[in-house]
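**Q** Sharing query-v8.txt here; it has compact mmCIF, C-alpha atoms.
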# COMPACT_ATOMS: atom_id res chain seq x y z
CA MET A 5 -12.77 9.25 42.47
CA LYS A 6 -14.25 6.25 40.67
CA LYS A 7 -13.75 7.92 37.27
CA ARG A 8 -10.15 8.70 38.19
CA LEU A 9 -9.51 5.07 39.16
CA LEU A 10 -11.03 3.85 35.90
CA SER A 11 -8.86 6.16 33.82
CA VAL A 12 -5.74 5.02 35.69
CA ALA A 13 -6.76 1.39 35.14
CA ALA A 14 -7.36 2.07 31.43
CA ALA A 15 -3.96 3.74 31.11
CA ALA A 16 -2.30 0.80 32.84
CA PHE A 17 -4.11 -1.63 30.51
CA PHE A 18 -3.06 0.26 27.39
CA GLY A 19 0.48 0.54 28.72
CA ALA A 20 0.66 -3.20 29.26
CA MET A 21 -0.84 -3.88 25.83
CA LEU A 22 1.61 -1.52 24.12
CA ASN A 23 4.55 -3.16 25.86
CA ALA A 24 3.24 -6.62 24.97
CA GLN A 25 3.00 -5.47 21.36
CA GLN A 26 6.79 -5.10 21.03
CA ILE A 27 7.88 -7.19 18.06
CA LYS A 28 11.36 -8.64 18.49
CA PHE A 29 13.35 -9.33 15.33
CA GLU A 30 16.84 -9.86 14.01
CA GLU A 31 18.11 -8.59 10.66
CA TYR A 32 21.26 -9.03 8.61
CA ASP A 33 22.54 -9.03 5.02
CA LEU A 34 23.93 -11.89 2.98
CA PRO A 35 27.09 -11.12 0.94
CA ASN A 36 24.93 -10.96 -2.23
CA GLY A 37 22.92 -8.10 -0.71
CA LEU A 38 19.76 -10.00 0.29
CA HIS A 39 18.38 -8.39 3.43
CA VAL A 40 17.05 -10.93 5.95
CA ILE A 41 14.62 -10.27 8.82
CA LEU A 42 13.79 -13.01 11.34
CA HIS A 43 10.98 -12.86 13.90
CA GLN A 44 10.55 -15.76 16.32
CA ASP A 45 7.12 -16.42 17.82
CA ASN A 46 6.59 -19.99 19.00
CA SER A 47 3.05 -19.44 20.28
CA ALA A 48 1.48 -21.10 17.21
CA PRO A 49 2.97 -23.71 14.85
CA VAL A 50 2.98 -21.57 11.71
CA VAL A 51 5.69 -19.80 9.69
CA THR A 52 5.35 -17.10 7.04
CA THR A 53 8.10 -16.73 4.47
CA GLY A 54 7.84 -13.54 2.47
CA VAL A 55 10.01 -11.74 -0.05
CA MET A 56 9.48 -8.08 -0.86
CA TYR A 57 11.10 -6.71 -4.01
CA HIS A 58 11.69 -2.99 -4.27
CA VAL A 59 9.96 -2.80 -7.64
CA GLY A 60 6.49 -1.43 -8.31
CA ALA A 61 4.53 0.35 -10.98
CA LYS A 62 6.68 3.47 -10.70
CA ASP A 63 9.72 1.48 -11.93
CA GLU A 64 8.13 0.96 -15.32
CA VAL A 65 8.54 3.19 -18.36
CA ILE A 66 6.04 4.95 -20.57
CA GLY A 67 4.81 2.50 -23.17
CA ARG A 68 5.49 -0.52 -20.97
CA THR A 69 3.29 -0.01 -17.93
CA GLY A 70 1.83 -2.85 -15.88
CA PHE A 71 5.01 -4.97 -15.73
CA ALA A 72 5.40 -5.10 -11.92
CA HIS A 73 1.81 -6.26 -11.42
CA PHE A 74 2.15 -8.66 -14.35
CA PHE A 75 5.10 -10.32 -12.60
CA GLU A 76 2.96 -10.78 -9.50
CA HIS A 77 1.11 -13.33 -11.67
CA LEU A 78 3.93 -14.50 -13.93
CA LEU A 79 6.22 -15.65 -11.13
CA PHE A 80 3.79 -18.39 -10.11
CA GLU A 81 4.31 -20.06 -13.50
CA GLY A 82 7.11 -22.25 -12.18
CA THR A 83 10.87 -22.87 -12.21
CA PRO A 84 13.11 -25.65 -13.51
CA ASN A 85 12.28 -27.53 -10.28
CA ILE A 86 8.59 -26.57 -9.95
CA LYS A 87 6.57 -27.61 -12.97
CA ARG A 88 4.11 -25.23 -14.57
CA GLY A 89 0.79 -25.31 -12.71
CA GLU A 90 2.30 -27.00 -9.64
CA TRP A 91 3.03 -24.00 -7.40
CA PHE A 92 -0.39 -23.72 -5.78
CA LYS A 93 -0.76 -27.50 -5.60
CA ILE A 94 2.49 -27.83 -3.65
CA VAL A 95 1.43 -25.13 -1.21
CA SER A 96 -2.10 -26.43 -0.58
CA SER A 97 -1.07 -30.09 -0.36
CA ASN A 98 1.40 -29.17 2.38
CA GLY A 99 -1.19 -27.31 4.47
CA GLY A 100 -0.16 -23.84 3.36
CA GLN A 101 -1.54 -20.72 1.75
CA ASN A 102 0.16 -18.14 -0.43
CA ASN A 103 -0.42 -14.93 -2.30
CA ALA A 104 1.24 -11.85 -3.76
CA ASN A 105 0.39 -8.19 -4.18
CA THR A 106 1.79 -5.16 -5.98
CA THR A 107 1.72 -1.42 -5.32
CA ASN A 108 3.27 1.58 -7.02
CA ASP A 109 6.38 1.02 -4.92
CA ARG A 110 6.96 -2.72 -4.27
CA THR A 111 5.92 -6.31 -4.96
CA TYR A 112 5.44 -8.86 -2.16
CA TYR A 113 5.17 -12.67 -2.33
CA TYR A 114 4.57 -14.96 0.65
CA GLU A 115 3.72 -18.47 1.82
CA THR A 116 2.39 -19.46 5.24
CA PHE A 117 2.95 -23.09 6.21
CA PRO A 118 2.69 -25.23 9.33
CA SER A 119 6.10 -24.77 10.94
CA ASN A 120 7.22 -28.27 9.99
CA ASN A 121 7.20 -27.03 6.36
CA GLU A 122 9.26 -23.89 6.97
CA GLN A 123 12.05 -25.29 4.81
CA LEU A 124 9.65 -25.76 1.90
CA GLY A 125 8.59 -22.10 1.99
CA LEU A 126 12.21 -20.95 2.02
CA TRP A 127 13.09 -23.22 -0.90
CA MET A 128 10.10 -22.11 -3.00
CA GLU A 129 10.88 -18.41 -2.62
CA SER A 130 14.54 -19.06 -3.45
CA GLU A 131 13.40 -20.84 -6.62
CA ARG A 132 11.36 -17.78 -7.62
CA LEU A 133 14.37 -15.52 -7.08
CA ARG A 134 17.03 -17.80 -8.57
CA HIS A 135 15.51 -18.92 -11.87
CA ALA A 136 11.81 -18.31 -12.47
CA GLU A 137 10.56 -19.56 -15.82
CA ILE A 138 9.83 -16.63 -18.13
CA ASN A 139 8.51 -18.13 -21.37
CA GLN A 140 5.94 -17.35 -24.04
CA ILE A 141 3.34 -19.81 -22.72
CA GLY A 142 3.40 -18.20 -19.28
CA VAL A 143 3.31 -14.66 -20.69
CA ASP A 144 0.37 -15.42 -22.98
CA THR A 145 -1.54 -17.17 -20.18
CA GLN A 146 -1.03 -14.41 -17.63
CA ARG A 147 -1.92 -11.68 -20.13
CA GLU A 148 -5.40 -13.14 -20.27
CA VAL A 149 -5.56 -13.42 -16.47
CA VAL A 150 -4.57 -9.77 -16.04
CA LYS A 151 -7.04 -8.62 -18.70
CA GLU A 152 -9.84 -10.41 -16.87
CA GLU A 153 -8.74 -8.89 -13.56
CA LYS A 154 -8.80 -5.41 -15.08
CA ARG A 155 -12.28 -6.00 -16.50
CA LEU A 156 -13.62 -7.28 -13.17
CA ARG A 157 -11.95 -4.80 -10.82
CA MET A 158 -11.87 -1.65 -12.90
CA ASP A 159 -13.52 -1.49 -16.32
CA ASN A 160 -16.78 -3.19 -15.33
CA GLN A 161 -16.84 -2.01 -11.70
CA PRO A 162 -18.77 1.14 -10.72
CA TYR A 163 -16.23 3.90 -9.99
CA GLY A 164 -13.51 1.35 -10.85
CA ASN A 165 -11.34 3.80 -12.78
CA LEU A 166 -11.87 6.77 -10.48
CA PHE A 167 -8.53 6.55 -8.68
CA THR A 168 -6.70 5.99 -11.98
CA ASN A 169 -8.08 9.33 -13.17
CA VAL A 170 -6.95 11.00 -9.95
CA GLN A 171 -3.40 9.70 -10.44
CA LYS A 172 -3.34 10.67 -14.12
CA ASN A 173 -4.15 14.28 -13.31
CA LEU A 174 -2.37 14.74 -9.98
CA PHE A 175 0.98 13.58 -11.42
CA THR A 176 2.30 14.60 -14.81
CA LYS A 177 6.05 13.80 -14.69
CA HIS A 178 6.43 11.26 -11.88
CA PRO A 179 5.47 7.65 -12.82
CA TYR A 180 2.73 7.62 -10.18
CA THR A 181 0.69 9.01 -13.06
CA TRP A 182 -0.33 5.50 -14.20
CA SER A 183 -2.16 2.77 -12.34
CA THR A 184 -0.53 -0.36 -10.91
CA ILE A 185 -2.36 -2.62 -13.35
CA GLY A 186 -1.06 -0.50 -16.21
CA SER A 187 -2.13 -0.51 -19.84
CA MET A 188 -3.33 -3.63 -21.61
CA ASP A 189 -2.01 -2.21 -24.88
CA ASP A 190 1.45 -1.97 -23.31
CA LEU A 191 1.34 -5.57 -22.08
CA ASN A 192 -0.02 -6.83 -25.39
CA SER A 193 2.76 -5.21 -27.39
CA ALA A 194 5.61 -6.21 -25.02
CA LYS A 195 7.97 -8.88 -26.32
CA LEU A 196 9.23 -11.89 -24.35
CA ASP A 197 12.75 -10.43 -24.18
CA GLU A 198 11.36 -7.36 -22.42
CA PHE A 199 9.79 -9.51 -19.68
CA LYS A 200 13.06 -11.42 -19.29
CA ALA A 201 14.97 -8.13 -19.02
CA PHE A 202 12.59 -6.82 -16.34
CA TYR A 203 13.10 -10.00 -14.29
CA LYS A 204 16.88 -9.81 -14.63
CA LYS A 205 16.90 -6.13 -13.67
CA TYR A 206 14.68 -6.16 -10.57
CA TYR A 207 14.49 -9.71 -9.24
CA VAL A 208 17.96 -9.83 -7.73
CA PRO A 209 18.97 -10.48 -4.10
CA ASN A 210 20.20 -6.95 -3.44
CA ASN A 211 16.81 -5.58 -4.47
CA ALA A 212 14.94 -7.98 -2.15
CA THR A 213 14.10 -8.42 1.52
CA LEU A 214 13.42 -11.90 2.91
CA VAL A 215 11.33 -12.10 6.07
CA VAL A 216 10.72 -15.30 8.04
CA ALA A 217 8.27 -14.96 10.92
CA GLY A 218 6.67 -17.41 13.33
CA ASP A 219 7.53 -20.72 14.91
CA ILE A 220 11.19 -20.86 13.89
CA LYS A 221 14.51 -21.92 15.35
CA PRO A 222 16.67 -19.02 14.18
CA GLU A 223 19.95 -20.90 13.86
CA GLN A 224 18.36 -23.59 11.70
CA THR A 225 16.54 -20.95 9.66
CA LYS A 226 19.83 -19.15 9.00
CA LYS A 227 21.43 -22.37 7.74
CA TRP A 228 18.57 -22.94 5.28
CA ILE A 229 18.74 -19.31 4.14
CA GLN A 230 22.46 -19.63 3.46
CA GLU A 231 21.91 -22.93 1.64
CA TYR A 232 19.11 -21.70 -0.62
CA TYR A 233 19.95 -18.01 -1.12
CA GLY A 234 23.66 -17.60 -0.46
CA ALA A 235 24.84 -18.61 -3.95
CA ILE A 236 22.31 -16.54 -5.93
CA PRO A 237 24.38 -13.95 -7.83
CA LYS A 238 24.22 -10.31 -6.85
CA GLY A 239 22.64 -7.99 -9.39
CA THR A 240 22.85 -4.30 -10.17
CA VAL A 241 20.49 -2.01 -8.26
CA TYR A 242 19.74 1.08 -10.27
CA PRO A 243 19.14 4.48 -8.65
CA LYS A 244 15.51 5.57 -8.49
CA ASN A 245 15.92 8.98 -10.06
CA PHE A 246 12.30 9.65 -10.98
CA PRO A 247 11.29 13.02 -12.41
CA LYS A 248 9.66 15.29 -9.86
CA ASP A 249 6.42 17.13 -10.40
CA GLU A 250 6.28 20.88 -10.01
CA PRO A 251 4.13 22.05 -7.07
CA ILE A 252 0.49 22.60 -7.96
CA THR A 253 -0.17 26.34 -7.67
CA LYS A 254 -3.43 26.66 -9.58
CA GLU A 255 -6.63 24.65 -9.16
CA LYS A 256 -7.28 22.35 -12.11
CA GLU A 257 -10.67 20.83 -12.94
CA VAL A 258 -11.05 17.75 -15.13
CA THR A 259 -13.91 15.46 -16.15
CA ALA A 260 -14.02 11.71 -16.74
CA TYR A 261 -16.91 9.40 -17.61
CA ASP A 262 -17.86 5.93 -16.37
CA PRO A 263 -20.47 3.78 -18.16
CA ASN A 264 -21.07 1.76 -14.98
CA ILE A 265 -22.42 4.52 -12.74
CA GLN A 266 -25.70 6.39 -12.39
CA LEU A 267 -24.63 8.93 -9.78
CA PRO A 268 -21.71 11.32 -10.23
CA ALA A 269 -18.76 11.45 -7.84
CA TYR A 270 -16.55 14.43 -7.11
CA VAL A 271 -12.96 14.25 -5.93
CA PHE A 272 -10.83 17.08 -4.55
CA ALA A 273 -7.24 15.76 -4.53
CA TYR A 274 -3.97 17.22 -3.23
CA ARG A 275 -0.39 16.06 -3.78
CA THR A 276 1.30 15.62 -0.38
CA PRO A 277 4.63 14.37 1.04
CA GLY A 278 5.81 10.76 0.87
CA ASN A 279 5.50 8.20 3.64
CA LYS A 280 8.80 8.94 5.39
CA GLU A 281 7.82 12.53 6.21
CA LYS A 282 6.19 13.23 9.56
CA ASP A 283 3.56 15.31 7.76
CA ALA A 284 2.37 12.11 6.05
CA TYR A 285 1.39 10.80 9.51
CA VAL A 286 -0.25 14.12 10.37
CA LEU A 287 -2.32 14.02 7.18
CA ASP A 288 -3.28 10.42 7.90
CA MET A 289 -4.62 11.56 11.26
CA LEU A 290 -6.44 14.46 9.60
CA SER A 291 -8.22 12.09 7.23
CA SER A 292 -9.37 10.00 10.20
CA TYR A 293 -10.67 13.09 11.98
CA LEU A 294 -12.65 14.09 8.92
CA SER A 295 -14.24 10.81 7.88
CA ASN A 296 -13.36 7.77 10.00
CA GLY A 297 -16.65 6.44 11.32
CA LYS A 298 -20.20 7.73 11.56
CA SER A 299 -19.31 10.27 14.24
CA SER A 300 -16.61 11.86 12.07
CA VAL A 301 -16.96 15.45 10.92
CA LEU A 302 -17.87 14.97 7.25
CA TYR A 303 -20.09 11.92 7.64
CA LYS A 304 -22.01 13.43 10.54
CA LYS A 305 -22.62 16.72 8.72
CA LEU A 306 -23.16 15.76 5.06
CA VAL A 307 -24.61 12.24 5.32
CA ASP A 308 -26.26 11.94 8.70
CA GLN A 309 -27.57 15.40 9.55
CA GLU A 310 -28.01 17.36 6.31
CA LYS A 311 -28.58 14.42 3.91
CA LYS A 312 -26.56 16.14 1.18
CA ALA A 313 -24.30 13.20 0.36
CA LEU A 314 -24.88 9.50 -0.17
CA GLN A 315 -21.19 8.93 0.58
CA VAL A 316 -18.37 11.18 1.68
CA ALA A 317 -14.79 10.43 2.68
CA ALA A 318 -11.38 11.95 3.16
CA PHE A 319 -8.55 9.53 2.53
CA ASN A 320 -4.80 9.69 2.69
CA GLN A 321 -2.94 7.41 0.26
CA GLY A 322 0.64 7.08 1.43
CA LEU A 323 3.26 6.37 -1.23
CA GLU A 324 7.05 6.27 -1.10
CA ASP A 325 7.79 9.47 -3.05
CA TYR A 326 4.56 11.44 -2.66
CA GLY A 327 1.19 11.09 -1.01
CA ILE A 328 -2.38 11.70 -2.15
CA PHE A 329 -4.89 13.38 0.14
CA ALA A 330 -8.37 13.46 -1.36
CA PHE A 331 -12.00 14.16 -0.56
CA PHE A 332 -14.57 11.96 -2.28
CA ALA A 333 -18.31 12.66 -2.37
CA ILE A 334 -21.40 11.23 -4.08
CA PRO A 335 -24.33 13.68 -3.88
CA MET A 336 -27.73 12.82 -2.51
CA GLY A 337 -30.72 13.79 -4.64
CA ALA A 338 -30.50 17.25 -6.16
CA THR A 339 -27.40 18.30 -4.20
CA THR A 340 -24.98 20.07 -6.53
CA LYS A 341 -21.24 19.69 -6.78
CA GLN A 342 -20.86 23.30 -5.68
CA THR A 343 -22.80 22.62 -2.48
CA LEU A 344 -20.54 19.69 -1.59
CA GLN A 345 -17.43 21.67 -2.49
CA THR A 346 -18.54 24.62 -0.35
CA ASP A 347 -19.24 22.40 2.66
CA ILE A 348 -15.97 20.47 2.34
CA ASP A 349 -14.02 23.72 1.94
CA ALA A 350 -15.74 25.09 5.05
CA GLU A 351 -14.46 22.12 7.08
CA ILE A 352 -10.96 22.64 5.69
CA LYS A 353 -11.17 26.32 6.67
CA LYS A 354 -12.15 25.34 10.22
CA LEU A 355 -9.12 23.08 10.45
CA GLN A 356 -6.89 25.89 9.19
CA THR A 357 -8.19 28.51 11.60
CA THR A 358 -9.33 26.63 14.73
CA LEU A 359 -7.65 23.89 16.73
CA ILE A 360 -9.73 20.73 17.06
CA SER A 361 -11.27 20.14 20.49
CA ASP A 362 -9.49 18.27 23.27
CA GLU A 363 -12.22 15.64 23.09
CA ASP A 364 -11.74 15.06 19.35
CA TYR A 365 -7.97 15.01 19.74
CA GLN A 366 -8.17 12.38 22.49
CA LYS A 367 -10.58 10.34 20.38
CA LEU A 368 -8.04 10.35 17.54
CA GLN A 369 -5.24 9.26 19.84
CA ASN A 370 -7.42 6.44 21.19
CA GLN A 371 -8.21 5.28 17.65
CA TYR A 372 -4.54 5.07 16.73
CA GLU A 373 -3.57 3.30 19.94
CA ASN A 374 -6.33 0.79 19.29
CA GLN A 375 -5.16 0.30 15.69
CA PHE A 376 -1.60 -0.22 16.93
CA VAL A 377 -2.65 -2.84 19.47
CA ASN A 378 -4.73 -4.68 16.87
CA ALA A 379 -2.28 -4.29 13.97
CA ASN A 380 0.18 -7.21 13.65
CA SER A 381 -2.24 -9.65 15.23
CA SER A 382 -1.18 -12.43 12.85
CA ILE A 383 2.16 -13.82 11.77
CA GLN A 384 1.34 -12.91 8.16
CA GLY A 385 0.67 -9.31 9.21
CA ILE A 386 3.89 -9.08 11.20
CA ALA A 387 5.94 -10.44 8.30
CA ALA A 388 4.45 -7.92 5.85
CA SER A 389 4.93 -5.01 8.29
CA LEU A 390 8.58 -5.88 8.94
CA ALA A 391 9.33 -6.07 5.22
CA THR A 392 7.41 -2.88 4.41
CA ASN A 393 9.09 -0.86 7.13
CA HIS A 394 12.53 -1.91 5.92
CA VAL A 395 11.94 -1.55 2.17
CA LEU A 396 9.79 1.58 2.01
CA MET A 397 10.46 3.36 5.28
CA GLY A 398 14.13 2.53 5.83
CA ASP A 399 13.52 1.50 9.46
CA THR A 400 12.34 -2.01 10.31
CA ASN A 401 11.77 -1.02 13.94
CA LEU A 402 8.92 1.29 12.96
CA ILE A 403 6.80 -1.78 13.69
CA ASN A 404 7.39 -0.85 17.34
CA LYS A 405 7.89 2.93 17.11
CA GLU A 406 5.20 4.12 14.73
CA ILE A 407 2.68 4.69 17.53
CA ASP A 408 5.12 7.15 19.11
CA ILE A 409 5.02 9.25 15.94
CA TYR A 410 1.22 9.47 16.11
CA LYS A 411 1.34 10.21 19.85
CA SER A 412 3.76 13.08 19.18
CA ILE A 413 1.34 14.79 16.77
CA THR A 414 -0.23 17.85 18.37
CA LYS A 415 -3.40 19.76 17.59
CA GLN A 416 -1.17 22.52 16.22
CA ASP A 417 0.49 20.02 13.86
CA LEU A 418 -2.94 19.11 12.48
CA GLN A 419 -3.77 22.76 11.90
CA ASN A 420 -0.39 23.48 10.31
CA ALA A 421 -0.75 20.57 7.87
CA ALA A 422 -4.22 21.74 6.81
CA LYS A 423 -2.84 25.23 6.22
CA LYS A 424 0.19 23.95 4.30
CA TYR A 425 -1.31 21.28 2.05
CA LEU A 426 -5.10 21.68 1.76
CA ASN A 427 -5.47 24.95 -0.12
CA SER A 428 -7.74 25.27 -3.14
CA ASN A 429 -4.92 26.40 -5.44
CA GLN A 430 -3.04 23.15 -4.67
CA ARG A 431 -5.63 20.68 -5.89
CA ILE A 432 -7.24 19.00 -8.83
CA ILE A 433 -11.01 18.58 -8.98
CA LEU A 434 -12.25 15.46 -10.73
CA ASN A 435 -15.84 15.38 -11.94
CA TYR A 436 -16.50 11.65 -12.39
CA LEU A 437 -19.75 11.44 -14.30
CA PRO A 438 -22.08 8.82 -15.76
CA GLU A 439 -21.26 8.24 -19.39
CA LYS A 440 -23.85 9.85 -21.63
CA LYS A 441 -25.87 7.30 -23.57
If you took the structure in this file and wrote it as structure tokens, what would it be?
**A**
Amino acid sequence: MKKRLLSVAAAAFFGAMLNAQQIKFEEYDLPNGLHVILHQDNSAPVVTTGVMYHVGAKDEVIGRTGFAHFFEHLLFEGTPNIKRGEWFKIVSSNGGQNNANTTNDRTYYYETFPSNNEQLGLWMESERLRHAEINQIGVDTQREVVKEEKRLRMDNQPYGNLFTNVQKNLFTKHPYTWSTIGSMDDLNSAKLDEFKAFYKKYYVPNNATLVVAGDIKPEQTKKWIQEYYGAIPKGTVYPKNFPKDEPITKEKEVTAYDPNIQLPAYVFAYRTPGNKEKDAYVLDMLSSYLSNGKSSVLYKKLVDQEKKALQVAAFNQGLEDYGIFAFFAIPMGATTKQTLQTDIDAEIKKLQTTLISDEDYQKLQNQYENQFVNANSSIQGIAASLATNHVLMGDTNLINKEIDIYKSITKQDLQNAAKKYLNSNQRIILNYLPEKK
């Protein structure tokens, strides 16, 4: 009886938490096509202003990769009204913080200020959109910044180029085949006019989503938005007709070398559906079942019990057009690649032939409910989620509904996804080895 009461109490607690997690928002479009999302939360005196542009690494062309990420840096160079080198000083001197990030699919810029500086954040982002300075000094400066970032994060980092090699071999036609940071040779050879053209093409109101979240008065916020953004001219949004890759029907094995590693790594990677498909959620849950935490299937077997692997993981990389599901393993001692491959394939076979246990299924559901409750715990996080759900998922309200998708996934769905997507003839194997001296 006591256990029953506790479970009822836990269910009531989670129910209350899930209801409390509802994020209220308002959204509308300006005549120039700028999509606006407002979220009012007056519990703390902070406001995040963010703009997400639907441009990422996949919007680049062969021979000119790295542009989207380059602009993540370049667009802090200034505007006619913000002198070069002043952007970060303005933000910090007014009690704020700011940043930007780029993926294959989008670029996001944001400022978080005390709410009495909400207007400043709105004005700064409008300046970036209206007339950012694209000049040779800024381009030359940021080239060096990006080169240093690539050296630190990838070229001089153990396993730093591993994922780049996965992308290069998993995609052959679609522009997911290159990394977000792109090629330094491409950036070095690009002319100033090409950077100006990229800005004019993608940094237009009808390719952008403005989100304002936090301690706002919506009617005042709308007036400022109209004042700062309303007169920015509409641009042309080009269709995203990217070439599609043929399905992988034969296992392909490739080898790459890294001078920064002493132990090899092996990756077994599969091309899977994009983020909008329900199967993308199913595969996300499968990756958690396999390797999320020390009690997960792969970690428990290969690392903890049998000591065959130093590290092992299954991860699901969700992208707009496709997904990447991959197993990653670093062997322990004399363990061979074939041993790791055999053991990983055995776990895949179990998933394909046997439903996971009720206990494991409930554990997964609990993990995702807990993630949902803890997700959006900050105004910055809420702003980014609202923008992402609109731009990449086509449904802003997924911020409230996504948990229902995970709750609807059955044990049979997990098995079906393993059977459909995780077959050996549908993968590439990457042998990522220490570079021979």
**Q** Using only C-alpha atoms, can you tell me which of A:Tyr326, A:Glu31, A:Lys415, A:Asn429 comes closest to Ile360 (chain A)?
**A**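 Answer, going by the shortest atom-to-atom distance: A:Lys415.
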**Q** Compile a residue-level contact table for region 339-364 of chain A against region 369-379 of chain A at a cut-off of 12 Å, reporting for every qualifying residue the shortest atom pair and its distance in Å to one decimal, with all atoms listed in the file counted, rows ordered by chain and ascending number, as a tab-separated table.
**A**
residue	atom	partner	partner_atom	distance
A:Asp362	CA	A:Gln369	CA	10.5
A:Glu363	CA	A:Gln369	CA	10.0
A:Asp364	CA	A:Gln369	CA	8.7
**Q** Just how far from CA of Glu76 (chain A) is CA of Met128 (chain A), in Å to one decimal?
**A**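 If I compute the distance from CA of Met128 (chain A) to CA of Glu76 (chain A), I get 14.9 Å.
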**Q** For CA of Val143 (chain A) and CA of Gln161 (chain A), quote the distance in Å rounded to one decimal.
**A**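 Atom-to-atom, CA of Val143 (chain A) to CA of Gln161 (chain A), that is 25.4 Å.
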**Q** Taking 6 positions as the minimum chain separation for residues in the same chain, which residues sit within 10 Å of Ile185 (chain A) when counting only C-alpha atoms? Answer as a PDB file with C-alpha atoms, in the coordinates of the input.
**A**
ATOM      1  CA  ALA A  61       4.530   0.350 -10.980  1.00  0.00           C
ATOM      2  CA  THR A  69       3.290  -0.010 -17.930  1.00  0.00           C
ATOM      3  CA  GLY A  70       1.830  -2.850 -15.880  1.00  0.00           C
ATOM      4  CA  PHE A  71       5.010  -4.970 -15.730  1.00  0.00           C
ATOM      5  CA  ALA A  72       5.400  -5.100 -11.920  1.00  0.00           C
ATOM      6  CA  HIS A  73       1.810  -6.260 -11.420  1.00  0.00           C
ATOM      7  CA  PHE A  74       2.150  -8.660 -14.350  1.00  0.00           C
ATOM      8  CA  THR A 106       1.790  -5.160  -5.980  1.00  0.00           C
ATOM      9  CA  THR A 107       1.720  -1.420  -5.320  1.00  0.00           C
ATOM     10  CA  ASN A 108       3.270   1.580  -7.020  1.00  0.00           C
ATOM     11  CA  VAL A 150      -4.570  -9.770 -16.040  1.00  0.00           C
ATOM     12  CA  LYS A 151      -7.040  -8.620 -18.700  1.00  0.00           C
ATOM     13  CA  GLU A 153      -8.740  -8.890 -13.560  1.00  0.00           C
ATOM     14  CA  LYS A 154      -8.800  -5.410 -15.080  1.00  0.00           C
ATOM     15  CA  MET A 158     -11.870  -1.650 -12.900  1.00  0.00           C
ATOM     16  CA  THR A 168      -6.700   5.990 -11.980  1.00  0.00           C
ATOM     17  CA  LEU A 191       1.340  -5.570 -22.080  1.00  0.00           C
TER      18      LEU A 191
END
**Q** For Thr111 (chain A), work out the shell of residues within 12 Å, counting all atoms listed in the file and skipping chain neighbours fewer than 3 positions away, then give it as a ChimeraX atom specification.
**A** /A:54-63,71-77,79,103-108,114,184,206-207,211-213,388,391-392,395-396
